[in-house]
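Listing of work-v4.txt, compact mmCIF, C-alpha atoms and all ligand atoms
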# COMPACT_ATOMS: atom_id res chain seq x y z
CA MET A 12 0.00 0.00 0.00
CA ARG A 13 1.34 3.42 -0.95
CA GLN A 14 1.77 6.05 1.75
CA THR A 15 -0.40 9.14 1.82
CA ILE A 16 1.91 12.14 1.42
CA ILE A 17 0.59 15.55 2.46
CA ALA A 18 2.85 18.48 1.59
CA GLY A 19 2.33 22.13 2.45
CA ASN A 20 3.66 24.53 -0.16
CA TRP A 21 3.95 27.84 1.66
CA LYS A 22 4.96 29.65 -1.57
CA LEU A 23 6.14 33.24 -0.99
CA ASN A 24 4.76 33.47 2.53
CA GLY A 25 6.66 33.65 5.73
CA THR A 26 9.46 35.59 7.33
CA ARG A 27 11.31 33.49 9.87
CA PRO A 28 9.13 34.69 12.79
CA GLU A 29 5.98 34.01 10.76
CA ALA A 30 7.18 30.54 9.76
CA GLU A 31 8.13 29.74 13.34
CA ALA A 32 4.74 30.92 14.60
CA LEU A 33 2.89 28.81 12.02
CA LEU A 34 4.92 25.73 12.84
CA GLY A 35 4.59 26.35 16.57
CA GLU A 36 0.83 26.27 16.13
CA LEU A 37 0.87 23.34 13.70
CA LEU A 38 3.15 20.83 15.40
CA PRO A 39 0.97 20.13 18.44
CA LEU A 40 -2.06 19.67 16.17
CA LEU A 41 -0.45 17.10 13.88
CA SER A 42 -0.85 13.42 14.57
CA PRO A 43 -0.43 11.68 11.22
CA ASN A 44 -1.37 8.00 11.10
CA ALA A 45 1.39 5.45 10.49
CA ASN A 46 0.80 5.44 6.73
CA THR A 47 0.93 9.22 6.30
CA LYS A 48 3.95 11.38 5.57
CA VAL A 49 3.85 15.13 6.15
CA ILE A 50 6.16 17.60 4.44
CA VAL A 51 6.39 21.37 4.75
CA CYS A 52 7.99 23.53 2.07
CA PRO A 53 8.66 26.99 3.54
CA THR A 54 10.35 29.94 1.87
CA PHE A 55 14.07 29.44 1.26
CA THR A 56 14.90 32.01 3.91
CA ALA A 57 12.86 30.20 6.57
CA LEU A 58 14.21 26.72 5.83
CA GLU A 59 16.88 26.76 8.49
CA SER A 60 14.67 27.98 11.32
CA VAL A 61 11.91 25.55 10.32
CA ALA A 62 14.47 22.72 10.20
CA THR A 63 15.47 23.53 13.76
CA LEU A 64 11.87 23.38 14.93
CA LEU A 65 11.30 20.09 13.09
CA GLU A 66 14.22 18.33 14.80
CA GLY A 67 12.95 15.16 16.42
CA SER A 68 9.58 15.36 14.66
CA PRO A 69 8.50 13.06 11.82
CA ILE A 70 7.65 16.08 9.64
CA ALA A 71 9.96 16.40 6.65
CA LEU A 72 11.31 19.54 5.03
CA GLY A 73 11.19 20.43 1.35
CA GLY A 74 12.37 23.23 -0.90
CA GLN A 75 10.05 24.90 -3.41
CA ASP A 76 12.46 24.84 -6.35
CA LEU A 77 16.11 24.28 -7.21
CA PHE A 78 18.57 24.97 -9.99
CA TRP A 79 20.11 21.99 -11.76
CA LYS A 80 23.74 23.05 -11.33
CA THR A 81 25.31 22.25 -7.99
CA LYS A 82 27.58 25.30 -7.73
CA GLY A 83 29.20 28.04 -9.74
CA ALA A 84 28.44 31.42 -11.25
CA TYR A 85 24.63 31.25 -11.07
CA THR A 86 23.57 34.34 -9.17
CA GLY A 87 20.51 33.92 -7.02
CA GLN A 88 20.16 30.18 -7.47
CA ILE A 89 19.66 27.37 -4.95
CA SER A 90 21.06 23.89 -5.59
CA ALA A 91 20.33 20.40 -4.32
CA PRO A 92 23.40 20.35 -2.05
CA LEU A 93 22.34 23.66 -0.48
CA LEU A 94 18.86 22.32 0.20
CA ARG A 95 20.31 19.13 1.66
CA ASP A 96 22.62 21.24 3.82
CA LEU A 97 19.55 22.89 5.36
CA GLY A 98 17.90 19.57 6.10
CA CYS A 99 15.61 19.24 3.09
CA THR A 100 14.78 15.77 1.83
CA TYR A 101 12.15 16.84 -0.73
CA VAL A 102 11.89 19.54 -3.36
CA ILE A 103 9.03 20.75 -5.54
CA VAL A 104 9.89 20.98 -9.24
CA GLY A 105 7.87 22.32 -12.13
CA HIS A 106 5.18 24.11 -10.16
CA SER A 107 2.83 25.83 -12.60
CA GLU A 108 3.68 29.18 -11.04
CA ARG A 109 7.29 28.58 -12.06
CA ARG A 110 6.19 27.45 -15.50
CA GLY A 111 4.35 30.78 -15.83
CA ARG A 112 0.94 29.11 -15.89
CA PHE A 113 -1.45 30.78 -13.45
CA GLY A 114 -4.92 29.78 -12.21
CA VAL A 115 -5.69 33.32 -11.10
CA PRO A 116 -4.67 35.79 -13.84
CA GLU A 117 -1.77 37.92 -12.70
CA PRO A 118 -2.66 41.56 -13.47
CA ASP A 119 0.93 42.45 -14.31
CA PHE A 120 1.78 39.19 -16.06
CA ASP A 121 4.00 39.70 -19.08
CA ALA A 122 4.91 36.55 -20.96
CA THR A 123 7.92 38.31 -22.44
CA ILE A 124 9.51 38.31 -18.97
CA LEU A 125 10.39 34.65 -19.49
CA ALA A 126 6.93 33.63 -18.22
CA TYR A 127 8.12 34.85 -14.81
CA PHE A 128 10.51 32.05 -13.86
CA GLY A 129 10.91 30.36 -17.19
CA ASP A 130 10.41 26.71 -16.28
CA SER A 131 9.75 24.53 -19.30
CA ASP A 132 9.45 20.78 -19.72
CA THR A 133 13.20 20.73 -20.40
CA THR A 134 14.24 22.68 -17.32
CA VAL A 135 11.78 20.72 -15.17
CA ASN A 136 13.47 17.52 -16.34
CA ARG A 137 16.91 18.95 -15.52
CA LYS A 138 15.75 20.04 -12.09
CA LEU A 139 14.14 16.69 -11.40
CA ARG A 140 17.31 14.82 -12.34
CA ALA A 141 19.45 17.25 -10.31
CA ALA A 142 17.21 16.66 -7.30
CA LEU A 143 17.57 12.89 -7.65
CA ALA A 144 21.32 13.14 -8.16
CA GLY A 145 21.55 15.31 -5.05
CA GLY A 146 19.62 12.89 -2.86
CA LEU A 147 16.34 14.82 -2.79
CA ILE A 148 12.94 13.37 -3.60
CA PRO A 149 11.27 15.54 -6.23
CA ILE A 150 7.61 16.44 -6.09
CA CYS A 151 7.03 17.02 -9.79
CA CYS A 152 4.01 19.15 -10.67
CA VAL A 153 1.98 18.64 -13.82
CA GLY A 154 -1.40 20.01 -14.84
CA GLU A 155 -3.49 21.62 -17.51
CA THR A 156 -4.72 25.20 -17.82
CA LEU A 157 -8.42 26.00 -18.11
CA ALA A 158 -8.05 26.61 -21.85
CA GLU A 159 -6.37 23.22 -22.28
CA ARG A 160 -9.14 21.50 -20.31
CA GLN A 161 -11.82 23.24 -22.35
CA ALA A 162 -10.04 22.16 -25.52
CA GLY A 163 -10.19 18.54 -24.33
CA SER A 164 -6.43 18.21 -24.06
CA THR A 165 -6.10 17.56 -20.32
CA ASP A 166 -4.83 14.01 -20.71
CA SER A 167 -2.40 14.80 -23.50
CA VAL A 168 -0.96 17.82 -21.65
CA VAL A 169 -0.55 15.89 -18.40
CA GLY A 170 0.84 12.87 -20.23
CA ALA A 171 3.33 14.99 -22.17
CA GLN A 172 4.51 16.88 -19.06
CA THR A 173 4.93 13.60 -17.18
CA THR A 174 6.84 11.99 -20.05
CA ALA A 175 9.11 15.02 -20.50
CA ALA A 176 9.87 15.18 -16.79
CA LEU A 177 11.02 11.55 -16.83
CA ALA A 178 13.54 11.76 -19.68
CA GLY A 179 16.74 10.06 -18.56
CA VAL A 180 15.29 8.93 -15.22
CA SER A 181 16.16 5.34 -14.32
CA VAL A 182 13.67 2.70 -13.28
CA GLU A 183 15.13 2.73 -9.74
CA GLU A 184 14.84 6.50 -9.51
CA VAL A 185 11.30 6.72 -10.82
CA GLN A 186 10.05 4.55 -7.97
CA THR A 187 11.08 7.20 -5.45
CA LEU A 188 9.24 10.01 -7.22
CA ILE A 189 6.20 11.97 -6.20
CA PHE A 190 4.04 13.57 -8.87
CA ALA A 191 1.50 16.24 -8.08
CA TYR A 192 -1.41 16.63 -10.44
CA GLU A 193 -2.26 20.29 -10.07
CA PRO A 194 -4.83 21.55 -12.56
CA VAL A 195 -3.77 25.16 -13.03
CA TRP A 196 -7.38 26.41 -12.97
CA ALA A 197 -7.85 24.93 -9.48
CA ILE A 198 -4.82 26.61 -7.90
CA GLY A 199 -5.66 29.46 -5.57
CA THR A 200 -9.13 29.76 -7.11
CA GLY A 201 -11.19 27.88 -4.53
CA GLU A 202 -12.41 25.76 -7.44
CA VAL A 203 -11.32 22.26 -6.53
CA CYS A 204 -11.26 19.54 -9.17
CA ALA A 205 -14.07 17.02 -8.53
CA ALA A 206 -12.62 14.05 -6.67
CA ASP A 207 -13.53 11.51 -9.37
CA GLU A 208 -11.92 13.63 -12.08
CA ALA A 209 -8.82 14.31 -9.95
CA ASP A 210 -8.57 10.57 -9.39
CA ARG A 211 -8.93 9.92 -13.11
CA VAL A 212 -6.18 12.36 -14.08
CA CYS A 213 -3.86 11.10 -11.33
CA GLY A 214 -4.50 7.77 -13.05
CA VAL A 215 -3.34 9.31 -16.33
CA VAL A 216 -0.05 10.24 -14.65
CA ARG A 217 0.29 6.68 -13.35
CA GLN A 218 -0.60 5.18 -16.74
CA THR A 219 2.03 7.39 -18.38
CA VAL A 220 4.62 6.02 -15.96
CA ALA A 221 3.32 2.51 -16.69
CA ASN A 222 3.73 3.03 -20.43
CA LEU A 223 7.36 4.03 -19.88
CA TYR A 224 8.43 1.69 -17.07
CA GLY A 225 5.75 -0.98 -16.71
CA SER A 226 2.73 -1.17 -14.46
CA ASP A 227 4.52 -2.71 -11.46
CA VAL A 228 6.82 0.31 -11.33
CA ALA A 229 3.91 2.71 -11.82
CA GLU A 230 2.15 1.20 -8.81
CA THR A 231 5.03 2.36 -6.59
CA VAL A 232 4.93 6.00 -7.73
CA HIS A 233 3.05 8.47 -5.54
CA VAL A 234 0.65 10.87 -7.22
CA GLN A 235 -0.73 13.75 -5.18
CA TYR A 236 -3.57 16.06 -6.08
CA GLY A 237 -3.15 19.82 -5.59
CA GLY A 238 -5.42 22.80 -6.21
CA SER A 239 -7.77 24.33 -3.62
CA VAL A 240 -7.45 21.37 -1.26
CA ASN A 241 -9.00 22.40 2.05
CA ALA A 242 -10.23 21.01 5.36
CA GLY A 243 -13.64 20.34 3.84
CA ASN A 244 -12.74 18.52 0.62
CA ALA A 245 -9.59 16.62 1.62
CA LYS A 246 -11.32 13.47 2.85
CA ASP A 247 -13.14 12.82 -0.44
CA LEU A 248 -9.99 13.41 -2.49
CA LEU A 249 -7.70 11.32 -0.30
CA ALA A 250 -10.11 8.39 -0.33
CA LYS A 251 -9.60 7.91 -4.08
CA PRO A 252 -7.41 5.00 -5.16
CA ASN A 253 -5.15 6.98 -7.48
CA ILE A 254 -4.71 9.98 -5.17
CA ASP A 255 -1.82 9.30 -2.82
CA GLY A 256 -1.81 12.62 -1.03
CA ALA A 257 -2.18 16.34 -1.45
CA LEU A 258 -0.01 19.32 -2.29
CA VAL A 259 -1.63 22.12 -0.35
CA GLY A 260 -1.10 25.84 -0.89
CA GLY A 261 -3.36 28.35 0.88
CA ALA A 262 -4.76 25.92 3.46
CA SER A 263 -1.25 24.92 4.53
CA LEU A 264 -0.80 28.42 5.95
CA LYS A 265 -3.62 27.82 8.42
CA ALA A 266 -2.46 25.40 11.11
CA LYS A 267 -5.90 24.03 11.98
CA ASP A 268 -6.88 23.52 8.34
CA PHE A 269 -3.62 21.79 7.45
CA ALA A 270 -3.91 19.55 10.52
CA THR A 271 -7.47 18.65 9.47
CA ILE A 272 -6.21 17.75 5.98
CA VAL A 273 -3.50 15.55 7.48
CA ALA A 274 -6.10 13.90 9.74
CA ALA A 275 -8.27 13.20 6.67
CA ALA A 276 -5.68 10.79 5.26
CA PRO A 277 -7.10 7.28 5.09
P1 LIG A 301 -3.85 26.20 -3.37
O1 LIG A 301 -4.03 25.05 -2.39
O2 LIG A 301 -3.72 27.53 -2.69
O3 LIG A 301 -4.89 26.16 -4.44
O4 LIG A 301 -2.44 25.95 -4.08
C1 LIG A 301 -2.16 24.70 -4.59
C2 LIG A 301 -0.73 24.67 -4.98
O5 LIG A 301 -0.33 25.33 -5.90
C3 LIG A 301 0.17 23.83 -4.17
O6 LIG A 301 1.40 23.71 -4.79
Show how you would write the structure in this file as C-alpha cells.
Amino acid sequence: MRQTIIAGNWKLNGTRPEAEALLGELLPLLSPNANTKVIVCPTFTALESVATLLEGSPIALGGQDLFWKTKGAYTGQISAPLLRDLGCTYVIVGHSERRGRFGVPEPDFDATILAYFGDSDTTVNRKLRAALAGGLIPICCVGETLAERQAGSTDSVVGAQTTAALAGVSVEEVQTLIFAYEPVWAIGTGEVCAADEADRVCGVVRQTVANLYGSDVAETVHVQYGGSVNAGNAKDLLAKPNIDGALVGGASLKAKDFATIVAAAP
C-alpha cells in the first residue's frame, strides 16, 4: 500500500518569525497516522529555522524549487546540495507558477519576462534529475490550464509533461518520485477539481509512468492532487485510489486547516 503524502507549499509566505509561529501552532495539532507522511515547504529564507523546529519530529522539510547546477556562477540560485545542507529531503519541481501558468490571472503578467521564472518541460526535467542526483525526492508538478481542459487536451498535456519530466530517469529513480497533479485552474481559485476527475487524471499520470516503465513500477509511484485542497474537501480526495496525497497551498498556511487535511488521510 502506498503512503499518503501531504505536503504544504507555503509559496512566498513567511518571514522566519511568521514561519516559526505557524509551525509552533501546527506541530501540536499534527498526529499523522502510520501510513501518512507530512512535508512542509517553507520559503528558502525560513528553511533553516523551520528545520530547527522540526528536529525530532517526523515532519519532513522540502524546498520549493532548485537549480540543476550544484555550484558556480549562477547568481541567485539554490542547488540540491544547499537544500540538503539545510535539512531538506524533498523539493518541488515544475510548479505551474514557475512554469508561468497561473490559475488566477496575474494583473501584471508579461509573458515576455520569461513567463516569470521560465520553467519549461526541459528545465523541469533537468531540475528533477538534479534533485535525484543530489539525494532529494522531487515532487514534480503537472497540470493543464483551463483553456487546455476546455479544448479537451487535459490528458495529452498531463501525459506529455509527465513523459518530458522523466527523460533520462532510471527505473530505480522513478520509484522514489512523487508527482503532483495540479490543474492550473484549481490553484488558488477555490475551485477544486471534482474528486472523481482528480482521481482519473492522477491515473493518467500513473498510466504514463506505466507506459514508460511498466505497471509494477507505476504502482510504486506516488501521485498527489493539488489545487484548492482544504479542510472540507480533503477526505473525499484522499479516499480515491489513485490519489496518494495532497499538495496544499493556501490551506497549509492555516495550522488548523492543514492539521485537518492531514487527519483526513485514510
Ligand atoms: P492552493 O491550495 O492555494 O490552491 O495551491 C495549490 C498549490 O499550488 C500547491 O502547490
- In Å, how far is it from CA of Ile89 (chain A) to CA of Ala144 (chain A)? 14.7 Å
- Item | Which of A:Ala191, A:Leu249, A:Val135, A:Ala206 sits closest to ligand LIG 301 (chain A) [using only C-alpha atoms and all ligand atoms] |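 Ranking A:Ala191, A:Leu249, A:Val135, A:Ala206 by distance to ligand LIG 301 (chain A), first place goes to A:Ala191.
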Once 8 Å is added on each side, what centre and edge lengths in Å to one decimal does the axis-aligned box around all listed atoms of ligand LIG 301 (chain A) have, as JSON?
{"center_x": -1.7, "center_y": 25.6, "center_z": -4.1, "size_x": 22.3, "size_y": 19.8, "size_z": 19.5}
- Query: Smallest atom-to-atom distance to Ala18 (chain A): which of A:Gly201, A:Val234, A:Val228, A:Arg137, using only C-alpha atoms?
  - Reply: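 Smallest distance to Ala18 (chain A) is found for A:Val234.
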Neighbours of region 50-57 of chain A within 10 Å (only C-alpha atoms; same-chain residues fewer than 5 positions away dropped), as an mmCIF file with C-alpha atoms, keeping the file's coordinate frame?
data_model
loop_
_atom_site.group_PDB
_atom_site.id
_atom_site.type_symbol
_atom_site.label_atom_id
_atom_site.label_comp_id
_atom_site.auth_asym_id
_atom_site.auth_seq_id
_atom_site.Cartn_x
_atom_site.Cartn_y
_atom_site.Cartn_z
ATOM 1 C CA ILE A 16 1.910 12.140 1.420
ATOM 2 C CA ILE A 17 0.590 15.550 2.460
ATOM 3 C CA ALA A 18 2.850 18.480 1.590
ATOM 4 C CA GLY A 19 2.330 22.130 2.450
ATOM 5 C CA ASN A 20 3.660 24.530 -0.160
ATOM 6 C CA TRP A 21 3.950 27.840 1.660
ATOM 7 C CA LYS A 22 4.960 29.650 -1.570
ATOM 8 C CA LEU A 23 6.140 33.240 -0.990
ATOM 9 C CA ASN A 24 4.760 33.470 2.530
ATOM 10 C CA GLY A 25 6.660 33.650 5.730
ATOM 11 C CA THR A 26 9.460 35.590 7.330
ATOM 12 C CA ARG A 27 11.310 33.490 9.870
ATOM 13 C CA PRO A 28 9.130 34.690 12.790
ATOM 14 C CA GLU A 29 5.980 34.010 10.760
ATOM 15 C CA ALA A 30 7.180 30.540 9.760
ATOM 16 C CA GLU A 31 8.130 29.740 13.340
ATOM 17 C CA LEU A 34 4.920 25.730 12.840
ATOM 18 C CA ALA A 62 14.470 22.720 10.200
ATOM 19 C CA LEU A 65 11.300 20.090 13.090
ATOM 20 C CA PRO A 69 8.500 13.060 11.820
ATOM 21 C CA ILE A 70 7.650 16.080 9.640
ATOM 22 C CA ALA A 71 9.960 16.400 6.650
ATOM 23 C CA LEU A 72 11.310 19.540 5.030
ATOM 24 C CA GLY A 73 11.190 20.430 1.350
ATOM 25 C CA GLY A 74 12.370 23.230 -0.900
ATOM 26 C CA GLN A 75 10.050 24.900 -3.410
ATOM 27 C CA ASP A 76 12.460 24.840 -6.350
ATOM 28 C CA ILE A 89 19.660 27.370 -4.950
ATOM 29 C CA LEU A 94 18.860 22.320 0.200
ATOM 30 C CA LEU A 97 19.550 22.890 5.360
ATOM 31 C CA CYS A 99 15.610 19.240 3.090
ATOM 32 C CA THR A 100 14.780 15.770 1.830
ATOM 33 C CA TYR A 101 12.150 16.840 -0.730
ATOM 34 C CA VAL A 102 11.890 19.540 -3.360
ATOM 35 C CA ILE A 103 9.030 20.750 -5.540
ATOM 36 C CA LEU A 258 -0.010 19.320 -2.290
ATOM 37 C CA VAL A 259 -1.630 22.120 -0.350
ATOM 38 C CA GLY A 260 -1.100 25.840 -0.890
ATOM 39 C CA SER A 263 -1.250 24.920 4.530
ATOM 40 C CA LEU A 264 -0.800 28.420 5.950
#
When the cut-off is 7 Å and you count all atoms listed in the file, which residues lie near ligand LIG 301 (chain A), shown as an mmCIF file with C-alpha atoms, in the coordinates of the input?
data_model
loop_
_atom_site.group_PDB
_atom_site.id
_atom_site.type_symbol
_atom_site.label_atom_id
_atom_site.label_comp_id
_atom_site.auth_asym_id
_atom_site.auth_seq_id
_atom_site.Cartn_x
_atom_site.Cartn_y
_atom_site.Cartn_z
ATOM 1 C CA ASN A 20 3.660 24.530 -0.160
ATOM 2 C CA HIS A 106 5.180 24.110 -10.160
ATOM 3 C CA GLU A 193 -2.260 20.290 -10.070
ATOM 4 C CA ALA A 197 -7.850 24.930 -9.480
ATOM 5 C CA ILE A 198 -4.820 26.610 -7.900
ATOM 6 C CA GLY A 199 -5.660 29.460 -5.570
ATOM 7 C CA THR A 200 -9.130 29.760 -7.110
ATOM 8 C CA GLY A 201 -11.190 27.880 -4.530
ATOM 9 C CA GLY A 237 -3.150 19.820 -5.590
ATOM 10 C CA GLY A 238 -5.420 22.800 -6.210
ATOM 11 C CA SER A 239 -7.770 24.330 -3.620
ATOM 12 C CA VAL A 240 -7.450 21.370 -1.260
ATOM 13 C CA LEU A 258 -0.010 19.320 -2.290
ATOM 14 C CA VAL A 259 -1.630 22.120 -0.350
ATOM 15 C CA GLY A 260 -1.100 25.840 -0.890
ATOM 16 C CA GLY A 261 -3.360 28.350 0.880
ATOM 17 C CA ALA A 262 -4.760 25.920 3.460
#
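Using all atoms listed in the file, the shortest contact distance between Trp196 (chain A) and any of A:Ser107, A:Ser226, A:Thr219, A:Gln235 is found at A:Ser107.
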- Query: Can you tell me, as number ranges by chain, what residues are no more than 12 Å from Ala45 (chain A) when counting all atoms listed in the file, ignoring any on the same chain fewer than 5 positions away?
  - Reply: A: 12-16, 69, 273-274, 276-277
- Query: Neighbours of Pro149 (chain A) within 9 Å (all atoms listed in the file; same-chain residues fewer than 4 positions away dropped), as JSON, numbers by chain?
  - Reply: {"A": [100, 101, 102, 103, 104, 138, 139, 140, 142, 143, 187, 188, 189, 190]}
Could you save those same residues with C-alpha atoms as a compact mmCIF listing (two decimals), in the frame of the given file?
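To be explicit, this is the file written out as selection-v4.txt:
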# COMPACT_ATOMS: atom_id res chain seq x y z
CA THR A 100 14.78 15.77 1.83
CA TYR A 101 12.15 16.84 -0.73
CA VAL A 102 11.89 19.54 -3.36
CA ILE A 103 9.03 20.75 -5.54
CA VAL A 104 9.89 20.98 -9.24
CA LYS A 138 15.75 20.04 -12.09
CA LEU A 139 14.14 16.69 -11.40
CA ARG A 140 17.31 14.82 -12.34
CA ALA A 142 17.21 16.66 -7.30
CA LEU A 143 17.57 12.89 -7.65
CA THR A 187 11.08 7.20 -5.45
CA LEU A 188 9.24 10.01 -7.22
CA ILE A 189 6.20 11.97 -6.20
CA PHE A 190 4.04 13.57 -8.87
- Query: Please, what distance in Å, to one decimal, runs between CA of Gln186 (chain A) and CA of Val232 (chain A)?
  - Reply: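 Taking CA of Gln186 (chain A) and CA of Val232 (chain A), their separation equals 5.3 Å.
Pairwise distance (CA of Ala270 (chain A), CA of Ala32 (chain A)) equals 14.9 Å.
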- Message: Here is a test: counting only C-alpha atoms, which residue of A:Asp166, A:Glu184, A:Glu36, A:Asp247 is nearest to Ala205 (chain A)?
- Response: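 Closest to Ala205 (chain A), using only C-alpha atoms: A:Asp247.
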- Item | Residue with smallest distance to Val212 (chain A) - pool A:Ser181, A:Thr173, A:Asn253, A:Thr231, counting all atoms listed in the file |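 The answer is A:Asn253, which sits nearest to Val212 (chain A).
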When you get a chance, write out all heavy atoms for region 55-63 of chain A, as a short mmCIF file (atom, residue, chain, number, x, y, z; two decimals), keeping the file's coordinate frame.
data_model
loop_
_atom_site.label_atom_id
_atom_site.label_comp_id
_atom_site.auth_asym_id
_atom_site.auth_seq_id
_atom_site.Cartn_x
_atom_site.Cartn_y
_atom_site.Cartn_z
N PHE A 55 12.65 29.80 1.11
CA PHE A 55 14.07 29.44 1.26
C PHE A 55 14.67 30.05 2.53
O PHE A 55 15.42 29.40 3.25
CB PHE A 55 14.88 29.93 0.06
CG PHE A 55 14.67 29.11 -1.18
CD1 PHE A 55 14.40 29.72 -2.39
CD2 PHE A 55 14.77 27.73 -1.15
CE1 PHE A 55 14.22 28.97 -3.54
CE2 PHE A 55 14.59 26.96 -2.29
CZ PHE A 55 14.32 27.58 -3.49
N THR A 56 14.27 31.31 2.79
CA THR A 56 14.90 32.01 3.91
C THR A 56 14.46 31.47 5.27
O THR A 56 15.13 31.71 6.27
CB THR A 56 14.60 33.53 3.85
OG1 THR A 56 13.18 33.69 3.74
CG2 THR A 56 15.30 34.19 2.67
N ALA A 57 13.33 30.75 5.29
CA ALA A 57 12.86 30.20 6.57
C ALA A 57 13.26 28.75 6.76
O ALA A 57 12.97 28.15 7.80
CB ALA A 57 11.33 30.35 6.68
N LEU A 58 13.92 28.16 5.75
CA LEU A 58 14.21 26.72 5.83
C LEU A 58 15.00 26.36 7.09
O LEU A 58 14.69 25.39 7.77
CB LEU A 58 14.99 26.26 4.59
CG LEU A 58 14.15 26.01 3.33
CD1 LEU A 58 15.06 25.79 2.12
CD2 LEU A 58 13.23 24.81 3.51
N GLU A 59 16.02 27.16 7.37
CA GLU A 59 16.88 26.76 8.49
C GLU A 59 16.14 26.83 9.82
O GLU A 59 16.24 25.91 10.64
CB GLU A 59 18.15 27.62 8.53
CG GLU A 59 19.12 27.12 9.57
CD GLU A 59 20.50 27.75 9.46
OE1 GLU A 59 20.65 28.77 8.76
OE2 GLU A 59 21.43 27.20 10.08
N SER A 60 15.37 27.91 10.03
CA SER A 60 14.67 27.98 11.32
C SER A 60 13.58 26.93 11.42
O SER A 60 13.35 26.36 12.49
CB SER A 60 14.13 29.39 11.60
OG SER A 60 13.67 29.99 10.45
N VAL A 61 12.93 26.62 10.29
CA VAL A 61 11.91 25.55 10.32
C VAL A 61 12.59 24.21 10.59
O VAL A 61 12.09 23.40 11.37
CB VAL A 61 11.10 25.55 9.01
CG1 VAL A 61 10.24 24.30 8.90
CG2 VAL A 61 10.23 26.79 8.92
N ALA A 62 13.75 23.99 9.97
CA ALA A 62 14.47 22.72 10.20
C ALA A 62 14.77 22.54 11.68
O ALA A 62 14.63 21.44 12.22
CB ALA A 62 15.77 22.71 9.38
N THR A 63 15.16 23.61 12.34
CA THR A 63 15.47 23.53 13.76
C THR A 63 14.23 23.12 14.56
O THR A 63 14.29 22.25 15.43
CB THR A 63 15.99 24.90 14.26
OG1 THR A 63 17.10 25.26 13.44
CG2 THR A 63 16.42 24.85 15.71
#
